[in-house]
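S.K.: Please read through the structure below; I'll follow up with questions.
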Amino acid sequence: MTVESLYPRLEPLLAQVQKPIQYVGGELNAQTKPWDDVAVHWALMYPDAYEVGLPNQGLMILYEVLNERPDALAERTYAVWPDLAALMREHGVGQFTLENHRPVRDFDVLGVSFATELGYTNLLEALDLAGVPLHAVDRDETHPVVVAGGHAAFNPEPVADFVDCAVLGDGEQVVGDITDVVAAWKDAGRPGGRTELLARLARVEGVYVPQFYAVSYLPDGTIEAFTRTRDDVPAQVAKRTVMDLDEWPYPKQPLVPLAESVHERMSVEIFRGCTRGCRFCQAGMITRPVRERTITGIGSMVDTGLKATGYQEVGLLSLSSADHSEIGQLAKELADRYEGTNTGLSLPSTRVDAFNVTLANELSRNGRRSGLTFAPEGGSERIRRVINKTVSKDDLVRTVTTAYANGWRQVKLYFMCGLPTETDEDVLEIAELATEVIRAGREASGSKDIRCTVSIGGFVPKPHTPFQWASQASAETIDHRLRVLREAINADRRLGRSIGIRYHDGKPGIIEGLLSRGDRRVGRVIERVWRDGGHFDGWSEHFSYDRWVAAAADELAPFGVDLDWYTTRERGQHEVLPWDHLESGLDKEWLWDDWQDAINEDEVADCRWTPCYDCGVCPTMGTEIQIGPTGRSLIPLTPVGAGPRPAAHAH
Amino acid sequence: MARQPDGPPPPPTVQKLRLRYTKRGPLRFASHRDLARALERALRRAQVPMAFSAGFSPHPKISYMGAAPTGAASEAEYVEIGLAVRCDPEAVRVALDASLPPGIDVLECVEAGEGTGGLAERLDGTRWRVDLADVDPAELSAAVEQLLAAEVAMVAKRTKNGTKDVDVRAALVSASVAGEAGRAILHVVVRQVTPTVRPDDVLAALAAVADLHPPVPPRAVREAQGRLDGTGEVTDPLEPDREAGSRCQGEPQPV
């Protein structure tokens, strides 16, 4: 089958839209393969704007892993902005991939990575633009298999009607298994049609096919049970876990866009998983256990990536990068290696720990010390015990002061509000903290030219965490606490001048809450919102709370439930949760005990350094903690700049 | 006390190279900022020994000038780069061209001639070719004659500070029409004024004075950029550098 490029028909439309470069492809390290050379064609989508989606690591990894297979190709597609979407509809141009502008409709698999639930309406928009039926049951064997992945896929029930499969956990290996199944089915002449293909996929470890599971409800609106509709699919679907990350050094050739993107740097994932046990953190719960890349593995990825991209900055990525067992040595040896090359090294936001200032100093040894970010998350010591991210106020002030004393001009502090058991007082302590930090920081640095930015957003309880049973704080509660906090910070102008506050109002968080802990009935709300014109819900200029509220009221009423029922309602211990048949490996009893410990302000330690506390993941999944130190060092490289260069002129 | 970078200041610029490059194919949709990012990364990948500004966020010494608008293709974009180590201009051209995405092609690279003055001052005119699908050359010719006959042709341009009127006629040096039935080609030479008169402004002027409305978005290519000579032709802006003796090793391409 020859697939024609949509580009000739797309090109005249591009002259009429904003930032057309995002739709033309041709990025450095983009890959193209002849269509007819492979058996299985994947379209990989990040359901947000190009500038957000392009830097996504997950998509880049799968893109390379799939394209390395001789029997598969992968091309990328992103959400199209409304200006182009309108023109595409007018001119009959379908959702396209960037590499060869092939119609998404013609691919075998459409893989969509959901880092956040706010991308759901963009999935519907893309399906509609592609000419793929919105509902999985309306598709036939000529349509792509729509596969959802990413962290949100750990509760795919709200999009169960729209996706054919959801993949739980790490994608590196499962995309190969899916490719094998699709290739064999196509090769055999598509026996049994689409249903047989989905049944085969449902038997792949980590793949959940919602249409083979029926849900029944109790009179009070809660779920009675999930029941398999065929006995050849598993009752419980367990996540995938990739071990030995050094064997998966992807991306090797990170994509470099021409267009501006949200991360103008290269990222290297230094480890996956986190066992700090922060109770709000879904990522930390569902990606266990910790699996480190070795110092040498990281060193070679940084080197390969920089050479392949020309980026000037490398971010050492993970859920808590300073926890890598070799981080001190890594920071020093990377700083040594790239000294004098104008290459920046950075860590994402870190825990509040004096050691992290030392690390950041090392990484910025000869560069600018502009901003440093810490994530205390909770305003008071009490609430930090509830969320299991314990740091004393004194340590916090001391750490931030140390940063100022070391020449950092701007410190950003991340907080959440609306955490379980939280009161106004917990949030008001953020103001005290910030003023104290500025007072001590001015003294320690001898400068008034320092700033502290408080960044705060509403907490959204997530599935597979100890807070999955919690009542989400209402939008009014969040907005009230943000208001009293702003007033408290602005009360003392002499210090308040140096304190910035960035916040998000409570409304989008409520919708995220609905989508995070929703069940299949919420699918109707998503579809209604999309039909009423909703998409790009992660963007304040496109998000409409009123549209969501109206759709939820209309669509949920027949079921006797409502928006509050999904968000501010606390769940009971024995309630069947929409994701109970999907296994992250965490023992539900352990999660419940940890939830009770949270209410009692009891902490739990990290199992990397203390005995196992039986969260359940390793034995259930057959995995283990993989950490160093390895005792190895970075091999000295030929310094950048001394490599081949244009010959000097002989004068 | 604010920190200062340790160590000596960065090495000074010892050589300036002037490059002509293209914006072809789908990359016509790149903005000048997209091109700048691509160029800076390509210089790093090609390991061109750039000179950097001093301070904590050193920037490579690059002067951009006269960028073609987003959506317009170009055969004649110019940039000047400062090097910390002397290099063979042709070797830089080849290395950089190999590191840039297809469509951004480095056509020429010459060493800035001493005493020849700045390159930006030599870019005072552009020759554009505009392809108008589904427009008859005769219809376009009539419209162009009306525009050339007009005393003024004011067009409202959106700028950073709101809308500004610009006289397209005053900036228009010459205009001619070619093509065949249903596919007209407009050649215009436009003088560099502030704000810049671009192909879409010329088309807006044609719409205003002659009611010409192309059914398909026209495609513009900057064919040449440089100094306007006495006859209204656009001349090669790198010629003075070549004459100054620092000849590019490669075969100079006619502009």
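Residue names in the structure tokens use chain letters A, B, ... in the order shown, residue numbers from 1 in each chain, and ligand numbers from 1 in the order shown.
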Under the rule of at most 12 Å, produce a per-residue listing of range 162-193 of chain A near range 582-602 of chain A: chain, number, name, the closest pair of atoms, and the distance in Å, as JSON lines, using only C-alpha atoms.
M.R.:
```
{"residue": "A:Ala166", "atom": "CA", "partner": "A:Leu582", "partner_atom": "CA", "distance": 10.2}
{"residue": "A:Val167", "atom": "CA", "partner": "A:Leu582", "partner_atom": "CA", "distance": 10.2}
{"residue": "A:Leu168", "atom": "CA", "partner": "A:Ser584", "partner_atom": "CA", "distance": 7.9}
{"residue": "A:Gly169", "atom": "CA", "partner": "A:Ser584", "partner_atom": "CA", "distance": 7.9}
{"residue": "A:Asp170", "atom": "CA", "partner": "A:Ser584", "partner_atom": "CA", "distance": 11.3}
```
S.K.: Mind dumping the selected residues with C-alpha atoms as a tab-separated table (two decimals), in the first residue's frame?
M.R.:
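Resulting contents of again-v4.tsv:
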```tsv
chain	number	residue	atom	x	y	z
A	166	ALA	CA	-3.79	1.04	27.71
A	167	VAL	CA	-0.21	0.12	28.49
A	168	LEU	CA	0.90	0.16	32.11
A	169	GLY	CA	4.48	0.96	33.02
A	170	ASP	CA	7.72	1.26	31.09
```
S.K.: Please identify all polymer residues within 12 Å of His187 in chain B, counting only C-alpha atoms, omitting same-chain residues fewer than 5 positions from it, and present them as number ranges by chain.
M.R.: B: 126-132, 137, 140-141, 144, 172-179, 199, 202-203, 219-224, 233
S.K.: Quick one, how far is CA of Val147 in chain A from CA of Val207 in chain A?
M.R.: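 About the pair CA of Val147 in chain A and CA of Val207 in chain A: they are 9.0 Å apart.
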S.K.: Leaving out Val268 in chain A and any residue of its chain fewer than 3 positions from it, which residues lie within 8 Å of it when counting only C-alpha atoms, given as a list of chain:residue names?
M.R.: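 The filter keeps A:Ile298, A:Met301, A:Val302, A:Val314, A:Gly315, A:Leu316, A:Leu317.
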S.K.: Looking only at the backbone, which of the residues in range 140-364 of chain A does DSSP tag as helix (DSSP H, G or I), as a ChimeraX atom specification?
M.R.: /A:151-154,157-159,174-187,193-202,210-212,245-247,282-286,295-309,321-323,327-337,354-363
S.K.: Give me the residues within 10 Å of Leu10 in chain A as a list in words, counting only C-alpha atoms and dropping any in the same chain fewer than 4 places off.
M.R.: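 Near Leu10 in chain A, the qualifying residues are Ser5, Leu6, Leu14, Ala15, Tyr23, Val24, Leu84, Leu87, Met88, His91, Gly92, Val93, Gly94, Phe96 and His101 of chain A.
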S.K.: Choose the residue, out of B:Ala142, B:Val216, B:Leu228, B:Leu123, that has the smallest atom-to-atom separation from chain A; count only C-alpha atoms.
M.R.: B:Val216
S.K.: Please provide as a short mmCIF file (atom, residue, chain, number, x, y, z; two decimals) with C-alpha atoms, in the first residue's frame all residues within 9 Å of range 205-211 of chain B, with the sequence filter that same-chain residues fewer than 5 positions apart are discarded (counting only C-alpha atoms).
M.R.:
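Result written to around.cif:
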```
data_model
loop_
_atom_site.label_atom_id
_atom_site.label_comp_id
_atom_site.auth_asym_id
_atom_site.auth_seq_id
_atom_site.Cartn_x
_atom_site.Cartn_y
_atom_site.Cartn_z
CA LEU B 140 -1.27 40.69 -12.70
CA ALA B 142 -2.49 45.29 -15.29
CA ALA B 143 -2.47 45.42 -11.50
CA VAL B 144 1.28 46.04 -11.39
CA GLN B 146 -1.65 50.49 -11.75
CA LEU B 147 0.60 50.18 -8.71
CA ALA B 150 0.26 55.34 -8.35
CA ALA B 153 0.25 53.10 -2.03
CA MET B 154 -0.26 53.09 1.70
CA VAL B 155 -0.62 49.75 3.43
CA ASP B 167 4.11 53.52 1.51
CA VAL B 168 4.76 50.46 -0.63
CA ARG B 169 5.08 52.48 -3.80
CA ASP B 200 2.74 40.44 1.49
#
```
S.K.: With the cut-off set at 7 Å and counting only C-alpha atoms, tabulate each residue of chain B with an atom at most that distance from an atom of chain A, showing the nearest atom pair and its distance in Å to one decimal, ordered by chain and increasing number, as a tab-separated table.
M.R.:
```
residue	atom	partner	partner_atom	distance
B:Met1	CA	A:Ser447	CA	6.7
B:Ala2	CA	A:Gly407	CA	6.6
B:Arg3	CA	A:Gly407	CA	6.2
B:Pro5	CA	A:Asn366	CA	6.0
B:Asp6	CA	A:Asn366	CA	6.6
B:Pro26	CA	A:Val24	CA	6.0
B:Phe29	CA	A:Ile21	CA	4.9
B:Ala30	CA	A:Ile21	CA	5.2
B:Asp34	CA	A:Leu258	CA	5.2
B:Arg37	CA	A:Leu258	CA	6.9
B:Ala38	CA	A:Leu258	CA	5.9
B:Arg41	CA	A:Gly310	CA	4.6
B:Ala42	CA	A:Gly310	CA	6.4
B:Arg44	CA	A:Gly310	CA	5.2
B:Arg45	CA	A:Gly310	CA	4.8
B:Gln47	CA	A:Arg645	CA	6.0
B:Val48	CA	A:Arg645	CA	6.4
B:Phe56	CA	A:Arg368	CA	4.7
B:Ser57	CA	A:Arg368	CA	6.4
B:Gly71	CA	A:Ala15	CA	6.0
B:Arg86	CA	A:Ala648	CA	5.5
B:Cys87	CA	A:Ala648	CA	4.4
B:Asp88	CA	A:His649	CA	5.1
B:Ala91	CA	A:Pro646	CA	5.2
B:Val92	CA	A:Pro646	CA	5.8
B:Pro101	CA	A:Leu28	CA	6.4
B:Pro217	CA	A:Pro12	CA	6.2
```
S.K.: Run DSSP on the backbone of this structure and report the residues of range 391-440 of chain A it assigns to strand (DSSP E), as a list in words.
M.R.: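 Restricting range 391-440 of chain A to strand (DSSP E) produces Gln410, Val411, Lys412, Leu413, Tyr414, Phe415, Met416 and Cys417 of chain A.
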S.K.: Let's have the selection written as an mmCIF file, in the first residue's frame, with N, CA and C atoms.
M.R.:
```cif
data_model
loop_
_atom_site.group_PDB
_atom_site.id
_atom_site.type_symbol
_atom_site.label_atom_id
_atom_site.label_comp_id
_atom_site.auth_asym_id
_atom_site.auth_seq_id
_atom_site.Cartn_x
_atom_site.Cartn_y
_atom_site.Cartn_z
ATOM 1 N N GLN A 410 18.385 33.645 42.857
ATOM 2 C CA GLN A 410 16.946 33.400 42.846
ATOM 3 C C GLN A 410 16.675 31.974 43.279
ATOM 4 N N VAL A 411 15.847 31.818 44.304
ATOM 5 C CA VAL A 411 15.467 30.484 44.736
ATOM 6 C C VAL A 411 13.967 30.332 44.551
ATOM 7 N N LYS A 412 13.606 29.235 43.902
ATOM 8 C CA LYS A 412 12.194 28.970 43.684
ATOM 9 C C LYS A 412 11.786 27.839 44.607
ATOM 10 N N LEU A 413 10.645 27.997 45.273
ATOM 11 C CA LEU A 413 10.158 26.964 46.186
ATOM 12 C C LEU A 413 8.799 26.470 45.696
ATOM 13 N N TYR A 414 8.709 25.170 45.501
ATOM 14 C CA TYR A 414 7.444 24.577 45.047
ATOM 15 C C TYR A 414 6.616 24.114 46.235
ATOM 16 N N PHE A 415 5.356 24.496 46.242
ATOM 17 C CA PHE A 415 4.432 24.042 47.282
ATOM 18 C C PHE A 415 3.134 23.559 46.653
ATOM 19 N N MET A 416 2.395 22.806 47.468
ATOM 20 C CA MET A 416 1.030 22.465 47.085
ATOM 21 C C MET A 416 0.109 22.959 48.182
ATOM 22 N N CYS A 417 -1.120 23.245 47.824
ATOM 23 C CA CYS A 417 -2.104 23.465 48.874
ATOM 24 C C CYS A 417 -3.325 22.603 48.596
#
```
S.K.: Quick check, in Å to one decimal: how far apart do CA of Glu141 in chain A and CA of Gln211 in chain A lie?
M.R.: 15.5 Å
S.K.: Can you list, as a ChimeraX atom specification, every protein, DNA or RNA residue that comes within 9 Å of Ala68 in chain B when you count only C-alpha atoms, leaving out same-chain residues fewer than 6 positions away?
M.R.: /B:23,28,31-32,74,76-77,198,221-222
S.K.: What is the distance between CA of Ile438 in chain A and CA of Asp394 in chain A, in Å to one decimal?
M.R.: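 Interatomic distance, CA of Ile438 in chain A to CA of Asp394 in chain A: 13.6 Å.
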S.K.: For range 124-138 of chain A, work out the shell of residues within 10 Å, counting only C-alpha atoms and skipping chain neighbours fewer than 3 positions away, then give it as a short mmCIF file (atom, residue, chain, number, x, y, z; two decimals) with C-alpha atoms, in the first residue's frame.
M.R.:
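As a result, result-v3.cif now contains:
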```cif
data_model
loop_
_atom_site.label_atom_id
_atom_site.label_comp_id
_atom_site.auth_asym_id
_atom_site.auth_seq_id
_atom_site.Cartn_x
_atom_site.Cartn_y
_atom_site.Cartn_z
CA MET A 45 1.38 11.18 19.60
CA PRO A 47 -1.50 15.07 22.93
CA THR A 77 2.18 13.64 15.57
CA TYR A 78 1.16 16.36 18.01
CA ALA A 79 -1.99 18.28 18.82
CA VAL A 80 -2.85 20.78 16.12
CA PRO A 82 -7.35 25.45 16.54
CA ALA A 85 -7.51 22.42 12.79
CA ALA A 86 -10.25 24.64 11.35
CA MET A 88 -7.77 21.14 7.94
CA ARG A 89 -11.48 20.45 8.40
CA GLY A 92 -10.37 17.84 4.20
CA VAL A 93 -6.79 17.36 5.38
CA GLY A 94 -6.49 14.72 8.10
CA GLN A 95 -4.29 14.53 11.20
CA PHE A 96 -0.79 13.92 9.87
CA PRO A 103 -2.31 10.40 7.38
CA VAL A 104 -2.54 9.03 10.93
CA ARG A 105 -5.59 7.10 9.71
CA ASP A 106 -3.29 4.82 7.66
CA LEU A 110 -1.57 5.17 17.22
CA GLY A 119 -4.73 15.82 27.25
CA TYR A 120 -7.85 13.68 26.90
CA THR A 121 -9.87 16.17 24.86
CA THR A 142 -8.59 -0.85 8.81
CA HIS A 143 -8.32 1.63 11.65
CA PRO A 144 -5.24 2.08 13.81
CA VAL A 145 -5.18 0.44 17.22
CA VAL A 146 -5.28 3.34 19.67
CA VAL A 159 -10.91 7.20 28.25
CA ALA A 160 -11.85 3.50 28.16
CA ASP A 161 -14.42 4.11 25.41
CA PHE A 162 -11.91 5.89 23.17
CA VAL A 163 -8.77 3.77 23.43
CA ASP A 164 -8.33 0.20 22.32
CA CYS A 165 -5.56 -0.55 24.77
CA ARG A 194 -10.05 -6.42 15.01
CA THR A 195 -11.52 -8.32 17.95
CA PRO A 210 -10.97 -2.04 28.39
CA GLN A 211 -13.67 -3.41 26.09
CA ILE A 526 -14.99 14.23 28.14
CA GLU A 527 -16.80 13.58 24.89
CA TRP A 530 -14.93 18.06 23.27
CA ARG A 531 -18.15 18.25 21.23
CA GLY A 533 -15.46 22.86 21.59
CA GLY A 534 -13.16 21.97 24.48
CA HIS A 535 -9.51 21.07 23.93
CA PHE A 536 -6.04 22.18 25.03
#
```
